[in-house]
Amino acid sequence: MFSKVYSALVNGIEAEIVEVETDIGAVGLPSFNMVGLAETAVKESRDRVKAAMKNMNLNVFAHPITVNLAPGDIKKEGTHFDLPVAVGLTCSAGMVKSVPEDCLFAGELSLDGKLRAVGGILPIAEGAKKAGFKKLIVPSDNADEAAVIDGIDVFPFEDLSSVTEFINNDCKGTPHTLDKASLFTSVMEYDVDFSDVKGQFAARRCAEIAAAGMHNLFMIGSPGSGKTMIARRMPTILPDMTLTEAIETTKIYSVAGLIRSGRDLAVHRPFCSPHHTSSSIALIGGTSKAIPGQVSLASNGVLFLDELLEFPRSVLETLRQPLEDKEVTVSRAGRTVTYPANFMLVAAANPCPCGYLGDKQKECTCSPSQIQKYRSRLSGPLMDRIDLHVEVGSADIAELAAMADGEPSEAIRGRVAHAHAVQSARFKHSKTRFNSRMSEKETKKYCILDEKTSKLLETAAKKYNLSARSYSKVLKTARTIADLDRSEHIGAKHILESLQYRLIQE
């Protein structure tokens, strides 16, 4: 007897509907065949499903069985096909009623019939809603994650027998609910604060501008000058994410297998800090499963690359495309996946191998050739994609001891939140969220200069040989500075401040 139930395939952070067709033949030797480009984990579901159903006295394996995962030209990965395959077999065997077409199933089976949580439930729930499904049946441990998506009823179960009982009851029951508002009311407690940073006014100002417009930031200075200290405090001045941003980030973490509960909804901006020995695959994403890398896990948050010039040049060059396009495409044999990479890059580096070039306290011991070789790891095109460049000078210990505490993160976050609100209103009819992400058309529209200011920028561009990209980034940064200044128009002082954060490169 033939039956069909529905599941989904996760591709990147999106889901595609999969039809799970099952057929149990009336005559023939016992067999269990699975077709439809099933990968190893899916093929192994035959043994899990067989053991689980036998241990629950649902034995249908005395006949030839064929399971087809359609469409047949797309590779199927994941253990979440266990549940729909088992449900399809019980339907084909006449053990349960036919399943309504508005139900979608996802879950892994243990050998005793219990349901185990799987990764990627959030994109599956969103994909099911978009495809018009009304009900989603998942393991209990995935209930909160699935319930993050409005518009689809989530029914969690502990084992296969509960699912079959639910089907025989015409798929009626009380759906699981989640109070998403309560997740956003949680206050993020930070162990660090910008008040810990004394002095370094230029670097602190750059950090505020970067946070306000989600601009990329590069800090260069001798060891112990406070670069890492400032970078690790960036999340403390960033406002909490919107629900849309939180769902997008959580989908990435779900696909990566880092989310098992809706209670882990990413309501605070991520901060990722990969070690300088990380490979390009770890940074960009990959492996045979094309999983997301650090650039994607940092989406809507901060990617901090400490000791930037210690990264291999080949690894750094892979950042060009995600910095420009805000997404990254990972290609593997027979599979191409695109992930968001909408992060703010914060990078820190020493000026030379020994770290003390230009330091007031210690003398540099590096030769010119060593310095040139060291700095050549950071190419011009990559540096051109970083909006703000700032030198972080070392401070005398006696001077630091005499300094008062810096401005607290809460005060800075208030100004940054206002700038974010201004940008949200500015781009309400666009997919753009922040000034740093403006298209060329939007830059022309929102970065209008008067004749005097325009002439000032043109003169500076010619004098310092600014590239077209640098020219555009100066305008975008000036727009953010004006927003922080609560000014509708970009003035000369905003352009001049923006320019000084580009001239280290030039």
# chains A, B, ... in the order shown; residues from 1 in each chain; ligands from 1
call {"tool": "closest_atom_pairs", "arguments": {"of": "stretch 355-402 of chain A", "to": "stretch 296-317 of chain A", "cutoff": "9 Å", "atoms": "only C-alpha atoms", "output": "tab-separated table"}}
result
residue	atom	partner	partner_atom	distance
A:Tyr374	CA	A:Leu309	CA	6.9
A:Arg375	CA	A:Leu309	CA	6.9
A:Ser376	CA	A:Arg313	CA	8.3
A:Arg377	CA	A:Arg313	CA	4.9
A:Leu378	CA	A:Leu309	CA	6.6
A:Ser379	CA	A:Glu317	CA	7.9
A:Pro381	CA	A:Glu317	CA	8.9
A:Leu382	CA	A:Glu317	CA	7.0
call {"tool": "residues_around", "arguments": {"residues": "A:Asp179", "least_positions_apart": "2", "cutoff": "12 Å", "atoms": "only C-alpha atoms", "output": "ChimeraX atom specification"}}
result
/A:144-145,147-150,176-177,181-185,262-263,265
call {"tool": "residues_around", "arguments": {"residues": "A:Leu319", "least_positions_apart": "3", "cutoff": "10 Å", "atoms": "only C-alpha atoms", "output": "PDB file with all heavy atoms, in the first residue's frame"}}
result
ATOM      1  N   SER A 280      40.835  28.472   6.675  1.00  0.00           N
ATOM      2  CA  SER A 280      39.829  29.196   5.896  1.00  0.00           C
ATOM      3  C   SER A 280      38.470  28.518   6.009  1.00  0.00           C
ATOM      4  O   SER A 280      37.427  29.182   5.981  1.00  0.00           O
ATOM      5  CB  SER A 280      40.261  29.286   4.432  1.00  0.00           C
ATOM      6  OG  SER A 280      40.480  27.997   3.893  1.00  0.00           O
ATOM      7  N   LEU A 283      36.856  29.599   9.180  1.00  0.00           N
ATOM      8  CA  LEU A 283      36.444  30.994   9.117  1.00  0.00           C
ATOM      9  C   LEU A 283      35.248  31.193   8.189  1.00  0.00           C
ATOM     10  O   LEU A 283      34.267  31.861   8.540  1.00  0.00           O
ATOM     11  CB  LEU A 283      37.621  31.850   8.630  1.00  0.00           C
ATOM     12  CG  LEU A 283      37.600  33.337   8.969  1.00  0.00           C
ATOM     13  CD1 LEU A 283      37.596  33.550  10.471  1.00  0.00           C
ATOM     14  CD2 LEU A 283      38.794  34.038   8.345  1.00  0.00           C
ATOM     15  N   ILE A 284      35.303  30.601   7.007  1.00  0.00           N
ATOM     16  CA  ILE A 284      34.278  30.815   5.985  1.00  0.00           C
ATOM     17  C   ILE A 284      33.166  29.776   6.051  1.00  0.00           C
ATOM     18  O   ILE A 284      32.000  30.063   5.773  1.00  0.00           O
ATOM     19  CB  ILE A 284      34.922  30.814   4.578  1.00  0.00           C
ATOM     20  CG1 ILE A 284      35.944  31.949   4.477  1.00  0.00           C
ATOM     21  CG2 ILE A 284      33.872  30.946   3.496  1.00  0.00           C
ATOM     22  CD1 ILE A 284      35.360  33.324   4.673  1.00  0.00           C
ATOM     23  N   VAL A 295      32.355  33.515  10.126  1.00  0.00           N
ATOM     24  CA  VAL A 295      31.785  34.732   9.540  1.00  0.00           C
ATOM     25  C   VAL A 295      30.264  34.699   9.544  1.00  0.00           C
ATOM     26  O   VAL A 295      29.616  35.753   9.591  1.00  0.00           O
ATOM     27  CB  VAL A 295      32.307  34.974   8.108  1.00  0.00           C
ATOM     28  CG1 VAL A 295      33.812  35.178   8.097  1.00  0.00           C
ATOM     29  CG2 VAL A 295      31.917  33.842   7.165  1.00  0.00           C
ATOM     30  N   SER A 314      46.415  33.797   2.919  1.00  0.00           N
ATOM     31  CA  SER A 314      45.385  33.080   2.147  1.00  0.00           C
ATOM     32  C   SER A 314      44.066  33.026   2.905  1.00  0.00           C
ATOM     33  O   SER A 314      42.988  33.065   2.301  1.00  0.00           O
ATOM     34  CB  SER A 314      45.864  31.663   1.825  1.00  0.00           C
ATOM     35  OG  SER A 314      46.139  30.938   3.019  1.00  0.00           O
ATOM     36  N   VAL A 315      44.140  32.952   4.241  1.00  0.00           N
ATOM     37  CA  VAL A 315      42.920  32.928   5.053  1.00  0.00           C
ATOM     38  C   VAL A 315      42.279  34.315   5.065  1.00  0.00           C
ATOM     39  O   VAL A 315      41.064  34.452   4.919  1.00  0.00           O
ATOM     40  CB  VAL A 315      43.243  32.457   6.488  1.00  0.00           C
ATOM     41  CG1 VAL A 315      42.013  32.590   7.383  1.00  0.00           C
ATOM     42  CG2 VAL A 315      43.733  31.012   6.481  1.00  0.00           C
ATOM     43  N   LEU A 316      43.094  35.345   5.224  1.00  0.00           N
ATOM     44  CA  LEU A 316      42.560  36.714   5.252  1.00  0.00           C
ATOM     45  C   LEU A 316      41.882  37.088   3.943  1.00  0.00           C
ATOM     46  O   LEU A 316      40.858  37.783   3.938  1.00  0.00           O
ATOM     47  CB  LEU A 316      43.679  37.707   5.563  1.00  0.00           C
ATOM     48  CG  LEU A 316      44.283  37.647   6.969  1.00  0.00           C
ATOM     49  CD1 LEU A 316      45.403  38.664   7.104  1.00  0.00           C
ATOM     50  CD2 LEU A 316      43.213  37.895   8.030  1.00  0.00           C
ATOM     51  N   PRO A 322      32.792  38.024   1.719  1.00  0.00           N
ATOM     52  CA  PRO A 322      31.774  38.273   2.744  1.00  0.00           C
ATOM     53  C   PRO A 322      31.760  39.711   3.251  1.00  0.00           C
ATOM     54  O   PRO A 322      30.696  40.226   3.598  1.00  0.00           O
ATOM     55  CB  PRO A 322      32.155  37.285   3.871  1.00  0.00           C
ATOM     56  CG  PRO A 322      33.541  36.840   3.574  1.00  0.00           C
ATOM     57  CD  PRO A 322      33.699  36.927   2.099  1.00  0.00           C
ATOM     58  N   LEU A 323      32.923  40.383   3.294  1.00  0.00           N
ATOM     59  CA  LEU A 323      32.941  41.780   3.714  1.00  0.00           C
ATOM     60  C   LEU A 323      32.192  42.671   2.723  1.00  0.00           C
ATOM     61  O   LEU A 323      31.561  43.651   3.103  1.00  0.00           O
ATOM     62  CB  LEU A 323      34.383  42.270   3.860  1.00  0.00           C
ATOM     63  CG  LEU A 323      35.128  41.880   5.130  1.00  0.00           C
ATOM     64  CD1 LEU A 323      36.589  42.295   5.044  1.00  0.00           C
ATOM     65  CD2 LEU A 323      34.483  42.501   6.362  1.00  0.00           C
ATOM     66  N   GLU A 324      32.234  42.315   1.462  1.00  0.00           N
ATOM     67  CA  GLU A 324      31.599  43.117   0.419  1.00  0.00           C
ATOM     68  C   GLU A 324      30.129  42.769   0.248  1.00  0.00           C
ATOM     69  O   GLU A 324      29.271  43.650   0.156  1.00  0.00           O
ATOM     70  CB  GLU A 324      32.333  42.915  -0.910  1.00  0.00           C
ATOM     71  CG  GLU A 324      31.970  43.908  -1.995  1.00  0.00           C
ATOM     72  CD  GLU A 324      32.535  45.289  -1.751  1.00  0.00           C
ATOM     73  OE1 GLU A 324      33.498  45.418  -0.959  1.00  0.00           O
ATOM     74  OE2 GLU A 324      32.004  46.249  -2.336  1.00  0.00           O
ATOM     75  N   VAL A 328      28.124  34.547   2.271  1.00  0.00           N
ATOM     76  CA  VAL A 328      29.217  33.702   1.814  1.00  0.00           C
ATOM     77  C   VAL A 328      28.630  32.443   1.191  1.00  0.00           C
ATOM     78  O   VAL A 328      27.662  31.872   1.700  1.00  0.00           O
ATOM     79  CB  VAL A 328      30.168  33.342   2.985  1.00  0.00           C
ATOM     80  CG1 VAL A 328      29.446  32.587   4.091  1.00  0.00           C
ATOM     81  CG2 VAL A 328      31.368  32.559   2.495  1.00  0.00           C
ATOM     82  N   ALA A 341      26.474  36.571   6.125  1.00  0.00           N
ATOM     83  CA  ALA A 341      27.741  36.928   6.778  1.00  0.00           C
ATOM     84  C   ALA A 341      27.680  38.420   7.082  1.00  0.00           C
ATOM     85  O   ALA A 341      28.570  39.183   6.747  1.00  0.00           O
ATOM     86  CB  ALA A 341      28.921  36.589   5.881  1.00  0.00           C
ATOM     87  N   LEU A 345      33.271  43.563  11.382  1.00  0.00           N
ATOM     88  CA  LEU A 345      34.635  43.098  11.616  1.00  0.00           C
ATOM     89  C   LEU A 345      35.364  44.080  12.528  1.00  0.00           C
ATOM     90  O   LEU A 345      35.412  45.278  12.263  1.00  0.00           O
ATOM     91  CB  LEU A 345      35.392  42.970  10.298  1.00  0.00           C
ATOM     92  CG  LEU A 345      36.883  42.612  10.409  1.00  0.00           C
ATOM     93  CD1 LEU A 345      37.069  41.220  10.991  1.00  0.00           C
ATOM     94  CD2 LEU A 345      37.572  42.716   9.054  1.00  0.00           C
ATOM     95  N   LEU A 382      41.862  44.293   0.870  1.00  0.00           N
ATOM     96  CA  LEU A 382      41.197  43.916   2.113  1.00  0.00           C
ATOM     97  C   LEU A 382      41.139  45.104   3.065  1.00  0.00           C
ATOM     98  O   LEU A 382      40.109  45.375   3.688  1.00  0.00           O
ATOM     99  CB  LEU A 382      41.930  42.734   2.759  1.00  0.00           C
ATOM    100  CG  LEU A 382      41.319  42.212   4.066  1.00  0.00           C
ATOM    101  CD1 LEU A 382      39.875  41.763   3.857  1.00  0.00           C
ATOM    102  CD2 LEU A 382      42.154  41.065   4.625  1.00  0.00           C
ATOM    103  N   ARG A 385      38.434  47.572   2.483  1.00  0.00           N
ATOM    104  CA  ARG A 385      37.069  47.183   2.866  1.00  0.00           C
ATOM    105  C   ARG A 385      36.784  47.449   4.346  1.00  0.00           C
ATOM    106  O   ARG A 385      35.684  47.176   4.815  1.00  0.00           O
ATOM    107  CB  ARG A 385      36.846  45.699   2.543  1.00  0.00           C
ATOM    108  CG  ARG A 385      36.689  45.426   1.052  1.00  0.00           C
ATOM    109  CD  ARG A 385      36.736  43.930   0.754  1.00  0.00           C
ATOM    110  NE  ARG A 385      36.282  43.614  -0.589  1.00  0.00           N
ATOM    111  CZ  ARG A 385      36.993  43.725  -1.694  1.00  0.00           C
ATOM    112  NH1 ARG A 385      38.257  44.153  -1.619  1.00  0.00           N
ATOM    113  NH2 ARG A 385      36.503  43.411  -2.874  1.00  0.00           N
TER     114      ARG A 385
END
call {"tool": "select_by_dssp", "arguments": {"residues": "stretch 149-182 of chain A", "states": "strand (DSSP E)", "output": "PyMOL selection string"}}
result
chain A and resi 153-157
call {"tool": "residues_around", "arguments": {"residues": "A:Gly393", "least_positions_apart": "5", "cutoff": "12 Å", "atoms": "only C-alpha atoms", "output": "list in words"}}
result
Gly199, Gln200, Phe201, Ala202, Ala203, Met219, Ile220, Gly221, Ser222, Pro223, Gly224, Ser225, Gly226, Lys227, Asn350, Pro351, Gly355, Tyr356, Leu357, Gly358, Asp359, Lys360 and Gln361 of chain A
call {"tool": "write_last_selection", "arguments": {"atoms": "all heavy atoms", "output": "compact mmCIF listing (two decimals), in the first residue's frame"}}
result
# COMPACT_ATOMS: atom_id res chain seq x y z
N GLY A 199 41.66 56.51 29.12
CA GLY A 199 42.35 57.15 28.00
C GLY A 199 41.86 56.59 26.68
O GLY A 199 40.69 56.24 26.52
N GLN A 200 42.77 56.52 25.70
CA GLN A 200 42.48 55.97 24.37
C GLN A 200 41.20 56.57 23.78
O GLN A 200 40.31 55.87 23.31
CB GLN A 200 42.37 54.44 24.43
CG GLN A 200 43.58 53.72 24.96
CD GLN A 200 44.83 53.96 24.13
OE1 GLN A 200 44.80 54.70 23.14
NE2 GLN A 200 45.93 53.36 24.53
N PHE A 201 41.13 57.89 23.80
CA PHE A 201 39.90 58.57 23.39
C PHE A 201 39.60 58.36 21.90
O PHE A 201 38.44 58.19 21.51
CB PHE A 201 40.01 60.06 23.72
CG PHE A 201 40.21 60.33 25.18
CD1 PHE A 201 41.44 60.76 25.66
CD2 PHE A 201 39.19 60.12 26.09
CE1 PHE A 201 41.64 61.00 27.01
CE2 PHE A 201 39.37 60.35 27.44
CZ PHE A 201 40.61 60.79 27.91
N ALA A 202 40.62 58.34 21.07
CA ALA A 202 40.41 58.13 19.63
C ALA A 202 39.86 56.74 19.37
O ALA A 202 38.93 56.56 18.57
CB ALA A 202 41.70 58.37 18.86
N ALA A 203 40.44 55.73 20.02
CA ALA A 203 40.00 54.35 19.82
C ALA A 203 38.58 54.15 20.36
O ALA A 203 37.76 53.46 19.75
CB ALA A 203 40.97 53.39 20.50
N MET A 219 42.27 48.29 14.46
CA MET A 219 43.11 48.97 15.46
C MET A 219 44.52 48.44 15.36
O MET A 219 44.74 47.22 15.36
CB MET A 219 42.55 48.74 16.87
CG MET A 219 41.18 49.33 17.10
SD MET A 219 40.54 49.00 18.76
CE MET A 219 40.10 47.25 18.61
N ILE A 220 45.49 49.34 15.29
CA ILE A 220 46.89 48.95 15.22
C ILE A 220 47.65 49.66 16.34
O ILE A 220 47.45 50.85 16.58
CB ILE A 220 47.50 49.26 13.84
CG1 ILE A 220 48.91 48.70 13.72
CG2 ILE A 220 47.47 50.75 13.53
CD1 ILE A 220 49.45 48.70 12.29
N GLY A 221 48.48 48.91 17.04
CA GLY A 221 49.22 49.49 18.16
C GLY A 221 50.08 48.46 18.84
O GLY A 221 49.96 47.25 18.59
N SER A 222 50.94 48.90 19.70
CA SER A 222 51.88 48.00 20.38
C SER A 222 51.17 47.14 21.41
O SER A 222 50.05 47.44 21.83
CB SER A 222 52.99 48.83 21.05
OG SER A 222 52.41 49.79 21.93
N PRO A 223 51.78 46.02 21.83
CA PRO A 223 51.15 45.12 22.80
C PRO A 223 50.81 45.85 24.10
O PRO A 223 51.57 46.68 24.59
CB PRO A 223 52.24 44.06 23.03
CG PRO A 223 53.08 44.08 21.80
CD PRO A 223 53.08 45.51 21.35
N GLY A 224 49.66 45.53 24.65
CA GLY A 224 49.24 46.11 25.91
C GLY A 224 48.64 47.49 25.82
O GLY A 224 48.36 48.13 26.84
N SER A 225 48.40 47.98 24.60
CA SER A 225 47.86 49.33 24.46
C SER A 225 46.35 49.39 24.65
O SER A 225 45.77 50.47 24.76
CB SER A 225 48.23 49.91 23.09
OG SER A 225 47.78 49.06 22.04
N GLY A 226 45.69 48.23 24.65
CA GLY A 226 44.25 48.20 24.92
C GLY A 226 43.38 47.81 23.75
O GLY A 226 42.15 47.94 23.81
N LYS A 227 43.98 47.32 22.67
CA LYS A 227 43.20 46.96 21.47
C LYS A 227 42.20 45.85 21.78
O LYS A 227 40.99 45.98 21.49
CB LYS A 227 44.15 46.51 20.34
CG LYS A 227 45.23 47.51 19.98
CD LYS A 227 46.05 47.05 18.80
CE LYS A 227 46.81 45.74 19.08
NZ LYS A 227 47.82 45.88 20.14
N ASN A 350 49.56 44.24 15.69
CA ASN A 350 50.77 44.96 16.07
C ASN A 350 51.34 45.62 14.83
O ASN A 350 51.16 45.13 13.71
CB ASN A 350 51.79 44.01 16.69
CG ASN A 350 51.31 43.42 18.00
OD1 ASN A 350 50.58 44.06 18.75
ND2 ASN A 350 51.70 42.18 18.28
N PRO A 351 52.09 46.71 14.97
CA PRO A 351 52.63 47.40 13.80
C PRO A 351 53.81 46.69 13.15
O PRO A 351 54.17 47.01 12.02
CB PRO A 351 53.05 48.77 14.36
CG PRO A 351 53.34 48.50 15.80
CD PRO A 351 52.36 47.44 16.22
N GLY A 355 56.35 44.23 17.64
CA GLY A 355 55.22 44.94 18.19
C GLY A 355 55.48 46.35 18.66
O GLY A 355 54.55 47.04 19.08
N TYR A 356 56.72 46.83 18.59
CA TYR A 356 57.03 48.11 19.23
C TYR A 356 57.45 49.20 18.25
O TYR A 356 58.09 50.18 18.65
CB TYR A 356 58.11 47.90 20.29
CG TYR A 356 57.63 47.03 21.42
CD1 TYR A 356 58.01 45.69 21.50
CD2 TYR A 356 56.76 47.52 22.38
CE1 TYR A 356 57.55 44.88 22.52
CE2 TYR A 356 56.28 46.73 23.41
CZ TYR A 356 56.68 45.40 23.47
OH TYR A 356 56.21 44.60 24.48
N LEU A 357 57.09 49.09 16.98
CA LEU A 357 57.37 50.14 16.03
C LEU A 357 56.57 51.40 16.41
O LEU A 357 55.35 51.37 16.53
CB LEU A 357 56.99 49.70 14.62
CG LEU A 357 57.22 50.72 13.50
CD1 LEU A 357 58.72 50.99 13.34
CD2 LEU A 357 56.63 50.23 12.18
N GLY A 358 57.31 52.50 16.63
CA GLY A 358 56.66 53.75 17.00
C GLY A 358 56.28 53.86 18.46
O GLY A 358 55.67 54.85 18.87
N ASP A 359 56.64 52.86 19.27
CA ASP A 359 56.29 52.89 20.69
C ASP A 359 57.18 53.87 21.44
O ASP A 359 58.39 53.98 21.17
CB ASP A 359 56.43 51.48 21.28
CG ASP A 359 55.89 51.40 22.70
OD1 ASP A 359 54.66 51.31 22.85
OD2 ASP A 359 56.70 51.45 23.65
N LYS A 360 56.61 54.58 22.41
CA LYS A 360 57.37 55.56 23.17
C LYS A 360 58.21 54.92 24.27
O LYS A 360 59.18 55.53 24.75
CB LYS A 360 56.41 56.59 23.79
CG LYS A 360 55.62 57.39 22.77
CD LYS A 360 54.65 58.32 23.46
CE LYS A 360 53.80 59.09 22.44
NZ LYS A 360 52.81 59.97 23.13
N GLN A 361 57.82 53.72 24.68
CA GLN A 361 58.49 53.10 25.82
C GLN A 361 59.62 52.15 25.42
O GLN A 361 60.65 52.08 26.08
CB GLN A 361 57.45 52.31 26.65
CG GLN A 361 56.18 53.09 26.98
CD GLN A 361 56.44 54.29 27.87
OE1 GLN A 361 57.34 54.26 28.70
NE2 GLN A 361 55.65 55.34 27.69
call {"tool": "closest_residue", "arguments": {"among": "A:Lys326, A:Arg335, A:Lys445, A:His389", "to": "A:Ser288", "atoms": "only C-alpha atoms"}}
result
A:Arg335
call {"tool": "closest_residue", "arguments": {"among": "A:Ala207, A:Val5, A:Ile13, A:Leu484", "to": "A:Thr249", "atoms": "only C-alpha atoms"}}
result
A:Ile13
call {"tool": "closest_residue", "arguments": {"among": "A:Thr480, A:Gln294, A:Asn465, A:Ser498", "to": "A:Phe271", "atoms": "only C-alpha atoms"}}
result
A:Gln294
call {"tool": "residues_around", "arguments": {"residues": "A:Phe81", "least_positions_apart": "5", "cutoff": "8 Å", "atoms": "only C-alpha atoms", "output": "list in words"}}
result
Ser7, Val42, Ser45, Phe105, Ala106, Gly107 and Glu108 of chain A
call {"tool": "write_last_selection", "arguments": {"atoms": "N, CA, C and O atoms", "output": "PDB file, in the first residue's frame"}}
result
ATOM      1  N   SER A   7       8.167  16.057   4.894  1.00  0.00           N
ATOM      2  CA  SER A   7       9.253  16.509   5.759  1.00  0.00           C
ATOM      3  C   SER A   7       9.956  17.656   5.030  1.00  0.00           C
ATOM      4  O   SER A   7       9.390  18.234   4.094  1.00  0.00           O
ATOM      5  N   VAL A  42      20.953   9.449   6.281  1.00  0.00           N
ATOM      6  CA  VAL A  42      19.568   9.143   5.925  1.00  0.00           C
ATOM      7  C   VAL A  42      19.402   7.643   5.672  1.00  0.00           C
ATOM      8  O   VAL A  42      18.413   7.036   6.098  1.00  0.00           O
ATOM      9  N   SER A  45      18.900   5.541   8.629  1.00  0.00           N
ATOM     10  CA  SER A  45      17.594   5.608   9.279  1.00  0.00           C
ATOM     11  C   SER A  45      16.811   4.319   9.089  1.00  0.00           C
ATOM     12  O   SER A  45      15.933   4.001   9.886  1.00  0.00           O
ATOM     13  N   PHE A 105       6.563  16.477   9.325  1.00  0.00           N
ATOM     14  CA  PHE A 105       7.223  15.730  10.387  1.00  0.00           C
ATOM     15  C   PHE A 105       8.743  15.888  10.319  1.00  0.00           C
ATOM     16  O   PHE A 105       9.324  15.923   9.224  1.00  0.00           O
ATOM     17  N   ALA A 106       9.385  15.941  11.483  1.00  0.00           N
ATOM     18  CA  ALA A 106      10.850  15.972  11.552  1.00  0.00           C
ATOM     19  C   ALA A 106      11.282  15.479  12.923  1.00  0.00           C
ATOM     20  O   ALA A 106      10.757  15.940  13.943  1.00  0.00           O
ATOM     21  N   GLY A 107      12.211  14.526  12.958  1.00  0.00           N
ATOM     22  CA  GLY A 107      12.708  14.020  14.236  1.00  0.00           C
ATOM     23  C   GLY A 107      13.528  12.756  14.062  1.00  0.00           C
ATOM     24  O   GLY A 107      13.323  11.996  13.107  1.00  0.00           O
ATOM     25  N   GLU A 108      14.445  12.536  14.964  1.00  0.00           N
ATOM     26  CA  GLU A 108      15.275  11.334  14.954  1.00  0.00           C
ATOM     27  C   GLU A 108      14.712  10.307  15.927  1.00  0.00           C
ATOM     28  O   GLU A 108      14.221  10.659  17.011  1.00  0.00           O
TER      29      GLU A 108
END
